[in-house]
Amino acid sequence: MSTQLDLKPSTELRINTAFGPSDDAVDGVMICEHPIDEDYLIVYVDIAINALFAINLSSTAKLPLKFEYDIFLSHLEAEDIWLFDMSWPAHILQDFDSLSIAQQKKAQERYDVIEPLLCDLDSVLRNDYGQQCFQQVIETSGRSKQYVYDCFNAFLRAGRRKTGLCLPIGKNANHSAKARQLRVKPGRPNSGIARGKVLDEFDISNFEKGKRLYAKRNGPTIKKVFKDITRKHYYASRVLHDFKMSQETKRRFKVKLLPADQRPTYNQFYYWLAKQYDGNIPKRNKSRQNVIENRKDNAGRTGDARQNVIAPGQVFEIDETPFPEELVSVFDPTRSTKIGKATLYFVIDTFSSRIVGLYITTQNPSYNTVRQAIFNSARDRQGWFDELGMHFDAEHWPTGGVATTYLVDKAEFHNRISEGPIADLPITVKFTRSGRGDDKPNVEQLFHVFQTFFEGVSKAHQTKSQQDIARQVARRNAALTLHELYQIAIVYVFYHNNNRLLKNDRREREMLRDQVPAIPEKLWGWGSMHRPGYLLNLPDEELYLKLLPKGEVTVHREGLYLKDKGLWYNCEWTHETGLQERKLPNQRCPVLPCRYNPELVDIIQISTADGLKIATLDNRGIRFAGLSFAQVELQKQSEKTENERVIEAELEYQLGVDLFIEKTVNHAKAQKVVGSMPSLSTIKDNRKVEAIANRVSDMNLYLQALQTQSLAIDAEHIEESGQ
C-alpha cells in the first residue's frame, strides 16, 4: 500500500504522509502511550500546541490519535518508525466531475453530513468527546452516530478529499469479501418449469468453447452458439439413426437433452459472455470483425490529421476511389459500348483543402496511375487543358506545384518500382494506416461531396440499392464518356476551389484577423503570401522522368536484360564503355538501375554516372514492339499456352526419330563381321574409296544437268527453224 521514503526522516514529515513501525522494532513501538502496531496517516499538525494527529490505516478506521510533536520526532529520528508515501486508489485522485453519477451522489451525500465538522477541523481534532461536536451533527443530520464517525474518518483517510467518500467506509473499507458460495441458481424464479442450474467448471469450460466459436470472423449468432453447446454437451442420450431414418432427417443421432434444470439457460450464457467483454457490446463484436474494417468503420478518431500543417504545399493528400458512375466508350458514337466505372484520383492540399490535382482512368489503381495524378497536380495547367481538348482558362485553377510531403496509400507506393520519386525527388512520402480514412480526412470527404452532385440527376450513378445493382440499372443507363466526366470534374474543381465555403472551419487566428474567408483558394493565397517556401519548383520534363517507375537491368555480352520483365535491350553506351565485354569466365553480370514507361516497351532509360542513356528493344523481342508491359505479359502467357501444344506434337515426332535411329544402328550392328583394327593409313585409303563414290555421284549429276540444258537448246533451235 505504501513505499518507503529514502530521505532524512525529520525533513520529510508532512500531512498525508504515512508512518508505521520499522522492521527493527521487534518489541513494538509506544508513542505517548499509544502502541504503534499498524500503519497510520498524518492528518493534522499543530506545532504551536505540540500536537500531531494521525488516523489508522490497516484496521477499521477510528478517530485520529493525538501525539506530542516533539516526542514523535524523537522516535522518527531514532528510526523506531518509518515514513511512507501513500499509494492512493485511482478514484481518490480523480476530480469530482470524473466520477460516475452514482459515485458523485454517494460522495456528496456523505460530505454534506460532515461538512460542519470540516469547517473547523483543528477544533474538532483538539476537542474531546465532551464538546459534543459530533453529537450536534448527528442531531442535525438525523444520521446514526456510527455513520457520522465513519464518514468523518473516511474523509481523513482519503487525504481530506471529497472523492474518497465514494469508496466503502467503516468496517467495509478494510473488508475482504469471501468467495460467494452458490447453492441455487441466482436470479428470479422461473415461471412455468424450473430452468437453469448453478454453473460449475464443466459449464464454464463449455461456455469458453462457445466464446471461441462466437468470436470467429463471420461466426454464428449467440443463440446459434448456445444451441450448439446444448446439443453437444448437455444430452442424456444419443441414439444412432438407422440408414433410412438418417436419410430422411439428415441427422446421425437422435439426441435426448438433459432436463431443463440440469443445463444452463440462454440468459446465463449471454450474461457470462457479456461479462467476458466487460458488458461492452461493440467491444464484444470487435473480435468478430475484420481488423481493418473495424478501424475504418467503428474505431474512434484522434482528430489530429492536420496537426503541425501550417502552410500550403507542406502536405498533399492523394487518394482514389472507384467513382460510381457507369461510363461508355468515347470511340462509339452510339454510346452503347459499356466500359464500367472509372477510377477517380484527387490530390488535395491539407492546409487549405484546395484541389491541386485530378486524374481519371479506367486502369486499376497502381503506382502507374498515382504518378500520373502527381504529375497532373504539378504540370502546366493550360497545356493540360489543351491536351485534353478542353477550352478552359487555367486562371480559374492555377498550377499547384510539388509538395514537400505526400500522404499516400501503402499499397501503391510500397514497392520497388516506386523508389524513383522517393529516392530522386526532394519529397517525403508518408504512408497512411490501413483502414484509417481519418489520416486523409480532406480527400476522403471530397469524394462524398462530389458524388452528391450526381445523385438524383444521373440514372447511371450506382446507388446502394441491392435491387438496382441486381438489375444493373446504372449500367443500362450509362451515357457519359470518360472525356465528359473529366469536364464535369474540372468544373467542380473550379467551384470547390473558388466558391465553396468549407463547413469545417479550421482557420487560424491570423486568418480571422485578416478576414480571410474559409474558401480553399483564399486560404491558399493567404498561405502563399504569408507562409511561402514549402512548394518545390521542378520543370515538367524533369518531374515526369523522375516519376517513372524504377527497375534493374543486368549487363550481358548479348545485351541488357530487364529483370522482372524478361525483355532484352541494346544500349550504345554500355557497348562503347566495355561493360558488355566478358572479362572472366565466371564473372558476375553488372547490374544497372533503369527507368521505364509501363505503357511502352520499345525504349527504357539506363541510369548511369553520365546521366540517363537510351536502350532500345532487341530483335529478340521485336514482336512486342509498341505494346505495354502488361500486354507483353499477356502475350507471353498466350505464347506459353500455344508452345505447350506444339511441344506435345513435337514430342511424338522426336520419339519417332529416336526409334528410327535405334533400329538403323541395331541393324548395322547385326550385319557387322568382327575383324582386326586397321591402321590409320588404311583408314585414309578407305576414305578415298568412299570419296570416289561421291565423285561419281557428283559427275553424274553434272552430266545430267548438261544433257538437260542441251536438249532445251535444241528444242528452242527447232522451234525457231520452223518459224
# chains A, B, ... in the order shown; residues from 1 in each chain; ligands from 1

$ residues_around --residues "segment 453-467 of chain A" --least-positions-apart "6" --cutoff "9 Å" --atoms "only C-alpha atoms" --output "PDB file with all heavy atoms, in the first residue's frame"
ATOM      1  N   PHE A 323     -15.256   5.571 -58.933  1.00  0.00           N
ATOM      2  CA  PHE A 323     -16.361   6.523 -58.962  1.00  0.00           C
ATOM      3  C   PHE A 323     -17.613   5.818 -59.467  1.00  0.00           C
ATOM      4  O   PHE A 323     -17.610   5.209 -60.554  1.00  0.00           O
ATOM      5  CB  PHE A 323     -16.013   7.705 -59.860  1.00  0.00           C
ATOM      6  CG  PHE A 323     -16.944   8.865 -59.704  1.00  0.00           C
ATOM      7  CD1 PHE A 323     -16.963   9.596 -58.534  1.00  0.00           C
ATOM      8  CD2 PHE A 323     -17.813   9.216 -60.718  1.00  0.00           C
ATOM      9  CE1 PHE A 323     -17.827  10.666 -58.379  1.00  0.00           C
ATOM     10  CE2 PHE A 323     -18.673  10.284 -60.573  1.00  0.00           C
ATOM     11  CZ  PHE A 323     -18.682  11.012 -59.398  1.00  0.00           C
ATOM     12  N   PRO A 324     -18.725   5.862 -58.723  1.00  0.00           N
ATOM     13  CA  PRO A 324     -19.901   5.040 -59.038  1.00  0.00           C
ATOM     14  C   PRO A 324     -20.752   5.577 -60.178  1.00  0.00           C
ATOM     15  O   PRO A 324     -21.976   5.656 -60.067  1.00  0.00           O
ATOM     16  CB  PRO A 324     -20.674   5.042 -57.714  1.00  0.00           C
ATOM     17  CG  PRO A 324     -20.328   6.329 -57.065  1.00  0.00           C
ATOM     18  CD  PRO A 324     -18.903   6.607 -57.457  1.00  0.00           C
ATOM     19  N   GLU A 325     -20.129   5.988 -61.258  1.00  0.00           N
ATOM     20  CA  GLU A 325     -20.856   6.446 -62.454  1.00  0.00           C
ATOM     21  C   GLU A 325     -20.455   5.545 -63.611  1.00  0.00           C
ATOM     22  O   GLU A 325     -19.280   5.466 -63.987  1.00  0.00           O
ATOM     23  CB  GLU A 325     -20.524   7.898 -62.766  1.00  0.00           C
ATOM     24  CG  GLU A 325     -21.213   8.446 -64.005  1.00  0.00           C
ATOM     25  CD  GLU A 325     -22.688   8.736 -63.800  1.00  0.00           C
ATOM     26  OE1 GLU A 325     -23.124   8.809 -62.631  1.00  0.00           O
ATOM     27  OE2 GLU A 325     -23.405   8.899 -64.803  1.00  0.00           O
ATOM     28  N   GLU A 326     -21.433   4.834 -64.162  1.00  0.00           N
ATOM     29  CA  GLU A 326     -21.155   3.953 -65.294  1.00  0.00           C
ATOM     30  C   GLU A 326     -20.882   4.790 -66.542  1.00  0.00           C
ATOM     31  O   GLU A 326     -21.589   5.774 -66.815  1.00  0.00           O
ATOM     32  CB  GLU A 326     -22.333   3.018 -65.537  1.00  0.00           C
ATOM     33  CG  GLU A 326     -22.566   1.995 -64.431  1.00  0.00           C
ATOM     34  CD  GLU A 326     -21.526   0.896 -64.432  1.00  0.00           C
ATOM     35  OE1 GLU A 326     -20.865   0.731 -65.476  1.00  0.00           O
ATOM     36  OE2 GLU A 326     -21.371   0.206 -63.404  1.00  0.00           O
ATOM     37  N   LEU A 327     -19.857   4.404 -67.320  1.00  0.00           N
ATOM     38  CA  LEU A 327     -19.426   5.166 -68.480  1.00  0.00           C
ATOM     39  C   LEU A 327     -19.527   4.332 -69.752  1.00  0.00           C
ATOM     40  O   LEU A 327     -19.666   3.103 -69.702  1.00  0.00           O
ATOM     41  CB  LEU A 327     -17.976   5.637 -68.285  1.00  0.00           C
ATOM     42  CG  LEU A 327     -17.686   6.490 -67.045  1.00  0.00           C
ATOM     43  CD1 LEU A 327     -16.208   6.803 -66.957  1.00  0.00           C
ATOM     44  CD2 LEU A 327     -18.507   7.769 -67.049  1.00  0.00           C
ATOM     45  N   VAL A 473     -29.266  -1.361 -63.224  1.00  0.00           N
ATOM     46  CA  VAL A 473     -29.943  -0.142 -63.672  1.00  0.00           C
ATOM     47  C   VAL A 473     -28.921   0.896 -64.115  1.00  0.00           C
ATOM     48  O   VAL A 473     -29.068   1.540 -65.168  1.00  0.00           O
ATOM     49  CB  VAL A 473     -30.837   0.411 -62.549  1.00  0.00           C
ATOM     50  CG1 VAL A 473     -31.428   1.768 -62.953  1.00  0.00           C
ATOM     51  CG2 VAL A 473     -31.951  -0.574 -62.234  1.00  0.00           C
ATOM     52  N   ALA A 474     -27.876   1.093 -63.333  1.00  0.00           N
ATOM     53  CA  ALA A 474     -26.887   2.117 -63.664  1.00  0.00           C
ATOM     54  C   ALA A 474     -26.172   1.798 -64.972  1.00  0.00           C
ATOM     55  O   ALA A 474     -25.987   2.678 -65.822  1.00  0.00           O
ATOM     56  CB  ALA A 474     -25.878   2.248 -62.517  1.00  0.00           C
ATOM     57  N   ARG A 475     -25.776   0.570 -65.150  1.00  0.00           N
ATOM     58  CA  ARG A 475     -25.054   0.205 -66.380  1.00  0.00           C
ATOM     59  C   ARG A 475     -25.952   0.320 -67.608  1.00  0.00           C
ATOM     60  O   ARG A 475     -25.505   0.695 -68.689  1.00  0.00           O
ATOM     61  CB  ARG A 475     -24.513  -1.215 -66.246  1.00  0.00           C
ATOM     62  CG  ARG A 475     -23.647  -1.671 -67.399  1.00  0.00           C
ATOM     63  CD  ARG A 475     -22.762  -2.819 -66.986  1.00  0.00           C
ATOM     64  NE  ARG A 475     -21.811  -2.398 -65.958  1.00  0.00           N
ATOM     65  CZ  ARG A 475     -20.981  -3.222 -65.330  1.00  0.00           C
ATOM     66  NH1 ARG A 475     -21.000  -4.520 -65.616  1.00  0.00           N
ATOM     67  NH2 ARG A 475     -20.153  -2.772 -64.418  1.00  0.00           N
ATOM     68  N   ARG A 476     -27.216   0.007 -67.441  1.00  0.00           N
ATOM     69  CA  ARG A 476     -28.140   0.104 -68.575  1.00  0.00           C
ATOM     70  C   ARG A 476     -28.325   1.553 -69.010  1.00  0.00           C
ATOM     71  O   ARG A 476     -28.557   1.834 -70.186  1.00  0.00           O
ATOM     72  CB  ARG A 476     -29.488  -0.511 -68.182  1.00  0.00           C
ATOM     73  CG  ARG A 476     -30.467  -0.614 -69.352  1.00  0.00           C
ATOM     74  CD  ARG A 476     -31.782  -1.257 -68.924  1.00  0.00           C
ATOM     75  NE  ARG A 476     -31.584  -2.614 -68.453  1.00  0.00           N
ATOM     76  CZ  ARG A 476     -31.745  -3.006 -67.187  1.00  0.00           C
ATOM     77  NH1 ARG A 476     -32.110  -2.120 -66.268  1.00  0.00           N
ATOM     78  NH2 ARG A 476     -31.558  -4.248 -66.839  1.00  0.00           N
ATOM     79  N   ASN A 477     -28.217   2.507 -68.068  1.00  0.00           N
ATOM     80  CA  ASN A 477     -28.443   3.920 -68.378  1.00  0.00           C
ATOM     81  C   ASN A 477     -27.148   4.698 -68.592  1.00  0.00           C
ATOM     82  O   ASN A 477     -27.169   5.929 -68.633  1.00  0.00           O
ATOM     83  CB  ASN A 477     -29.234   4.577 -67.248  1.00  0.00           C
ATOM     84  CG  ASN A 477     -30.671   4.090 -67.182  1.00  0.00           C
ATOM     85  OD1 ASN A 477     -31.540   4.544 -67.919  1.00  0.00           O
ATOM     86  ND2 ASN A 477     -30.928   3.148 -66.286  1.00  0.00           N
ATOM     87  N   ALA A 478     -26.029   4.003 -68.735  1.00  0.00           N
ATOM     88  CA  ALA A 478     -24.746   4.684 -68.919  1.00  0.00           C
ATOM     89  C   ALA A 478     -24.758   5.505 -70.207  1.00  0.00           C
ATOM     90  O   ALA A 478     -25.182   5.026 -71.263  1.00  0.00           O
ATOM     91  CB  ALA A 478     -23.611   3.659 -68.958  1.00  0.00           C
ATOM     92  N   ALA A 479     -24.276   6.762 -70.110  1.00  0.00           N
ATOM     93  CA  ALA A 479     -24.263   7.642 -71.279  1.00  0.00           C
ATOM     94  C   ALA A 479     -23.023   8.522 -71.330  1.00  0.00           C
ATOM     95  O   ALA A 479     -22.599   8.931 -72.413  1.00  0.00           O
ATOM     96  CB  ALA A 479     -25.521   8.513 -71.298  1.00  0.00           C
ATOM     97  N   LEU A 480     -22.428   8.859 -70.189  1.00  0.00           N
ATOM     98  CA  LEU A 480     -21.265   9.744 -70.163  1.00  0.00           C
ATOM     99  C   LEU A 480     -20.010   9.013 -70.612  1.00  0.00           C
ATOM    100  O   LEU A 480     -19.832   7.822 -70.358  1.00  0.00           O
ATOM    101  CB  LEU A 480     -21.047  10.290 -68.747  1.00  0.00           C
ATOM    102  CG  LEU A 480     -22.031  11.329 -68.218  1.00  0.00           C
ATOM    103  CD1 LEU A 480     -21.688  11.687 -66.781  1.00  0.00           C
ATOM    104  CD2 LEU A 480     -22.014  12.573 -69.091  1.00  0.00           C
TER     105      LEU A 480
END

$ select_by_dssp --residues "segment 414-548 of chain A" --states "strand (DSSP E or B)" --output "NGL selection string"
:A and (428-431 or 461 or 481 or 536)

$ closest_residue --among "A:Asp46, A:Glu652, A:Glu79, A:Asp540" --to "Phe67 of chain A" --atoms "only C-alpha atoms"
A:Asp46

$ residues_around --residues "Val347 of chain A" --least-positions-apart "2" --cutoff "12 Å" --atoms "only C-alpha atoms" --output "compact mmCIF listing (two decimals) with C-alpha atoms, in the first residue's frame"
# COMPACT_ATOMS: atom_id res chain seq x y z
CA GLY A 313 2.38 22.80 -50.17
CA VAL A 315 1.39 18.20 -47.23
CA PHE A 316 -0.64 16.92 -50.18
CA GLU A 317 -3.15 14.09 -49.75
CA ILE A 318 -3.63 11.59 -52.59
CA ASP A 319 -6.43 9.05 -52.75
CA GLU A 320 -8.55 7.22 -55.27
CA LEU A 344 -11.01 8.94 -59.80
CA TYR A 345 -7.91 10.49 -58.19
CA ASP A 349 -3.64 20.41 -50.13
CA THR A 350 -4.07 19.64 -46.42
CA SER A 353 -8.35 21.89 -48.70
CA ARG A 354 -7.62 23.16 -52.24
CA ILE A 355 -7.76 20.57 -55.03
CA VAL A 356 -4.37 20.71 -56.76
CA GLY A 357 -4.56 17.59 -58.94
CA LEU A 358 -7.04 15.39 -60.79
CA TYR A 359 -6.72 12.16 -62.75
CA ILE A 360 -9.42 9.83 -64.12
CA VAL A 370 -0.69 7.51 -58.86
CA ARG A 371 2.35 9.01 -60.56
CA GLN A 372 0.16 10.45 -63.32
CA ALA A 373 -2.08 12.05 -60.67
CA ILE A 374 1.00 13.60 -59.05
CA PHE A 375 2.26 14.81 -62.42
CA ASN A 376 -1.12 16.36 -63.28
CA SER A 377 -1.05 18.28 -59.99
CA ALA A 378 2.29 19.93 -60.86
CA GLY A 400 -0.34 23.57 -57.68
CA GLY A 401 3.31 22.52 -57.77
CA VAL A 402 5.19 19.77 -55.97
CA ALA A 403 4.60 19.39 -52.23
CA TYR A 406 2.71 13.35 -49.81
CA LEU A 407 0.25 11.22 -47.85
CA VAL A 408 -0.40 8.09 -49.91
CA LYS A 440 -6.54 11.86 -45.05
CA ASN A 442 -9.93 16.20 -46.64
CA VAL A 443 -9.68 13.98 -49.70
CA GLU A 444 -11.91 11.26 -48.19
CA LEU A 446 -14.25 15.28 -51.05
CA PHE A 447 -15.29 12.08 -52.84
CA VAL A 493 -12.84 21.81 -59.08

$ select_by_dssp --residues "segment 618-705 of chain A" --states "alpha helix (DSSP H)" --output "VMD selection string"
chain A and resid 629 to 671 680 to 705

$ residues_around --residues "Glu109 of chain A" --least-positions-apart "4" --cutoff "10 Å" --atoms "only C-alpha atoms" --output "MDAnalysis selection string"
chainID A and resid 103:105 113:114 151 165:166

$ write_last_selection --atoms "N, CA, C and O atoms" --output "mmCIF file, in the first residue's frame"
data_model
loop_
_atom_site.group_PDB
_atom_site.id
_atom_site.type_symbol
_atom_site.label_atom_id
_atom_site.label_comp_id
_atom_site.auth_asym_id
_atom_site.auth_seq_id
_atom_site.Cartn_x
_atom_site.Cartn_y
_atom_site.Cartn_z
ATOM 1 N N GLN A 103 -21.531 7.588 -8.063
ATOM 2 C CA GLN A 103 -20.434 7.868 -7.136
ATOM 3 C C GLN A 103 -20.476 9.316 -6.649
ATOM 4 O O GLN A 103 -20.233 9.593 -5.468
ATOM 5 N N GLN A 104 -20.778 10.237 -7.559
ATOM 6 C CA GLN A 104 -20.894 11.635 -7.146
ATOM 7 C C GLN A 104 -22.009 11.810 -6.115
ATOM 8 O O GLN A 104 -21.845 12.538 -5.115
ATOM 9 N N LYS A 105 -23.131 11.163 -6.358
ATOM 10 C CA LYS A 105 -24.266 11.292 -5.442
ATOM 11 C C LYS A 105 -23.908 10.759 -4.063
ATOM 12 O O LYS A 105 -24.212 11.382 -3.028
ATOM 13 N N VAL A 113 -23.076 15.599 5.213
ATOM 14 C CA VAL A 113 -23.288 15.258 6.622
ATOM 15 C C VAL A 113 -22.167 15.801 7.481
ATOM 16 O O VAL A 113 -22.399 16.365 8.572
ATOM 17 N N ILE A 114 -20.906 15.658 7.047
ATOM 18 C CA ILE A 114 -19.758 16.027 7.889
ATOM 19 C C ILE A 114 -19.220 17.418 7.588
ATOM 20 O O ILE A 114 -18.231 17.847 8.195
ATOM 21 N N CYS A 151 -18.065 8.438 8.125
ATOM 22 C CA CYS A 151 -17.852 9.417 7.048
ATOM 23 C C CYS A 151 -16.677 10.338 7.379
ATOM 24 O O CYS A 151 -15.848 10.646 6.513
ATOM 25 N N LEU A 165 -14.907 9.716 -0.503
ATOM 26 C CA LEU A 165 -16.144 9.312 0.143
ATOM 27 C C LEU A 165 -17.022 8.439 -0.741
ATOM 28 O O LEU A 165 -18.060 7.945 -0.284
ATOM 29 N N CYS A 166 -16.646 8.246 -1.992
ATOM 30 C CA CYS A 166 -17.417 7.347 -2.859
ATOM 31 C C CYS A 166 -17.037 5.891 -2.635
ATOM 32 O O CYS A 166 -17.723 4.979 -3.110
#

$ residues_around --residues "Asn597 of chain A" --least-positions-apart "6" --cutoff "10 Å" --atoms "only C-alpha atoms" --output "list in words"
Asn368, Leu545, Leu547, Leu548, Pro549, Lys550, Ile603, Ile604, Gln605, Ser628 and Phe629 of chain A

$ write_last_selection --atoms "N, CA, C and O atoms" --output "mmCIF file, in the first residue's frame"
data_model
loop_
_atom_site.group_PDB
_atom_site.id
_atom_site.type_symbol
_atom_site.label_atom_id
_atom_site.label_comp_id
_atom_site.auth_asym_id
_atom_site.auth_seq_id
_atom_site.Cartn_x
_atom_site.Cartn_y
_atom_site.Cartn_z
ATOM 1 N N ASN A 368 1.517 3.319 -61.284
ATOM 2 C CA ASN A 368 1.492 3.975 -62.589
ATOM 3 C C ASN A 368 0.398 5.037 -62.649
ATOM 4 O O ASN A 368 0.585 6.111 -63.228
ATOM 5 N N LEU A 545 10.108 12.468 -65.797
ATOM 6 C CA LEU A 545 11.117 11.411 -65.881
ATOM 7 C C LEU A 545 11.412 10.814 -64.512
ATOM 8 O O LEU A 545 11.602 9.596 -64.379
ATOM 9 N N LEU A 547 9.427 10.592 -62.044
ATOM 10 C CA LEU A 547 8.282 9.853 -61.540
ATOM 11 C C LEU A 547 8.139 8.487 -62.202
ATOM 12 O O LEU A 547 7.312 7.677 -61.766
ATOM 13 N N LEU A 548 8.914 8.234 -63.262
ATOM 14 C CA LEU A 548 8.817 6.949 -63.941
ATOM 15 C C LEU A 548 9.216 5.821 -62.997
ATOM 16 O O LEU A 548 10.092 5.980 -62.147
ATOM 17 N N PRO A 549 8.615 4.652 -63.145
ATOM 18 C CA PRO A 549 8.978 3.513 -62.288
ATOM 19 C C PRO A 549 10.435 3.117 -62.476
ATOM 20 O O PRO A 549 11.030 3.318 -63.539
ATOM 21 N N LYS A 550 10.992 2.524 -61.436
ATOM 22 C CA LYS A 550 12.373 2.081 -61.464
ATOM 23 C C LYS A 550 12.448 0.570 -61.653
ATOM 24 O O LYS A 550 11.583 -0.168 -61.188
ATOM 25 N N ILE A 603 11.449 1.478 -75.495
ATOM 26 C CA ILE A 603 12.594 2.265 -75.025
ATOM 27 C C ILE A 603 12.599 2.276 -73.500
ATOM 28 O O ILE A 603 11.558 2.452 -72.862
ATOM 29 N N ILE A 604 13.786 2.077 -72.922
ATOM 30 C CA ILE A 604 14.000 2.290 -71.497
ATOM 31 C C ILE A 604 15.213 3.198 -71.342
ATOM 32 O O ILE A 604 15.974 3.404 -72.295
ATOM 33 N N GLN A 605 15.386 3.756 -70.146
ATOM 34 C CA GLN A 605 16.497 4.658 -69.884
ATOM 35 C C GLN A 605 17.372 4.071 -68.782
ATOM 36 O O GLN A 605 16.886 3.744 -67.698
ATOM 37 N N SER A 628 2.474 -2.406 -74.306
ATOM 38 C CA SER A 628 2.797 -2.059 -72.921
ATOM 39 C C SER A 628 3.345 -3.300 -72.227
ATOM 40 O O SER A 628 3.232 -4.424 -72.733
ATOM 41 N N PHE A 629 3.920 -3.093 -71.049
ATOM 42 C CA PHE A 629 4.467 -4.236 -70.327
ATOM 43 C C PHE A 629 3.361 -5.190 -69.890
ATOM 44 O O PHE A 629 3.567 -6.407 -69.833
#

$ atom_distance --atom1 "atom CA of Phe624 of chain A" --atom2 "atom CA of Lys563 of chain A"
16.3 Å

$ atom_distance --atom1 "atom CA of Pro189 of chain A" --atom2 "atom CA of Asp228 of chain A"
25.5 Å

$ residues_around --residues "segment 27-34 of chain A" --least-positions-apart "4" --cutoff "8 Å" --atoms "only C-alpha atoms" --output "list in words"
Pro21, Phe67, Glu68, Ile71, Phe72, His75, Asp80 and Ile81 of chain A

$ residues_around --residues "Tyr111 of chain A" --least-positions-apart "5" --cutoff "12 Å" --atoms "only C-alpha atoms" --output "list in words"
Gln104, Lys105, Lys106, Pro116, Leu117, Leu118, Cys119, Ser141, Tyr147, Val148, Tyr149, Asp150, Cys151, Phe152, Asn153, Ala154, Phe155, Leu156, Arg160, Arg161, Lys162, Thr163, Gly164, Leu165 and Cys166 of chain A

$ closest_residue --among "A:Ser123, A:Thr554, A:Thr321, A:Thr682" --to "Asn364 of chain A" --atoms "only C-alpha atoms"
A:Thr321

$ atom_distance --atom1 "atom CA of Asp658 of chain A" --atom2 "atom CA of Glu642 of chain A"
24.5 Å

$ closest_residue --among "A:Arg695, A:Lys244, A:Lys688, A:His233" --to "Lys256 of chain A" --atoms "only C-alpha atoms"
A:His233

$ closest_residue --among "A:Asp380, A:Ala158, A:Arg126, A:Trp526" --to "Gln94 of chain A" --atoms "only C-alpha atoms"
A:Ala158

$ decode --residues "segment 140-156 of chain A" --atoms "N, CA and C atoms" --output "compact mmCIF listing (two decimals), in the first residue's frame"
# COMPACT_ATOMS: atom_id res chain seq x y z
N THR A 140 -28.50 17.12 13.91
CA THR A 140 -28.90 17.96 12.77
C THR A 140 -29.17 17.12 11.52
N SER A 141 -28.31 16.15 11.26
CA SER A 141 -28.42 15.36 10.02
C SER A 141 -29.43 14.24 10.14
N GLY A 142 -29.70 13.80 11.36
CA GLY A 142 -30.61 12.68 11.53
C GLY A 142 -29.97 11.34 11.23
N ARG A 143 -28.67 11.33 11.08
CA ARG A 143 -27.95 10.09 10.81
C ARG A 143 -27.49 9.45 12.11
N SER A 144 -27.14 8.18 12.02
CA SER A 144 -26.67 7.47 13.20
C SER A 144 -25.28 7.94 13.60
N LYS A 145 -24.94 7.66 14.82
CA LYS A 145 -23.63 8.04 15.34
C LYS A 145 -22.51 7.34 14.55
N GLN A 146 -22.70 6.05 14.30
CA GLN A 146 -21.67 5.29 13.59
C GLN A 146 -21.47 5.82 12.17
N TYR A 147 -22.57 6.20 11.52
CA TYR A 147 -22.49 6.70 10.14
C TYR A 147 -21.67 8.00 10.09
N VAL A 148 -21.91 8.92 11.06
CA VAL A 148 -21.18 10.19 11.07
C VAL A 148 -19.70 9.96 11.31
N TYR A 149 -19.37 9.09 12.28
CA TYR A 149 -17.96 8.81 12.55
C TYR A 149 -17.29 8.15 11.34
N ASP A 150 -18.01 7.22 10.70
CA ASP A 150 -17.43 6.53 9.54
C ASP A 150 -17.15 7.51 8.40
N CYS A 151 -18.06 8.44 8.13
CA CYS A 151 -17.85 9.42 7.05
C CYS A 151 -16.68 10.34 7.38
N PHE A 152 -16.61 10.78 8.64
CA PHE A 152 -15.53 11.68 9.05
C PHE A 152 -14.17 10.99 8.92
N ASN A 153 -14.06 9.76 9.43
CA ASN A 153 -12.79 9.03 9.36
C ASN A 153 -12.42 8.70 7.91
N ALA A 154 -13.41 8.37 7.09
CA ALA A 154 -13.12 8.06 5.68
C ALA A 154 -12.59 9.28 4.95
N PHE A 155 -13.13 10.47 5.28
CA PHE A 155 -12.66 11.70 4.65
C PHE A 155 -11.19 11.95 5.00
N LEU A 156 -10.82 11.74 6.27
CA LEU A 156 -9.43 11.93 6.67
C LEU A 156 -8.53 10.88 6.04
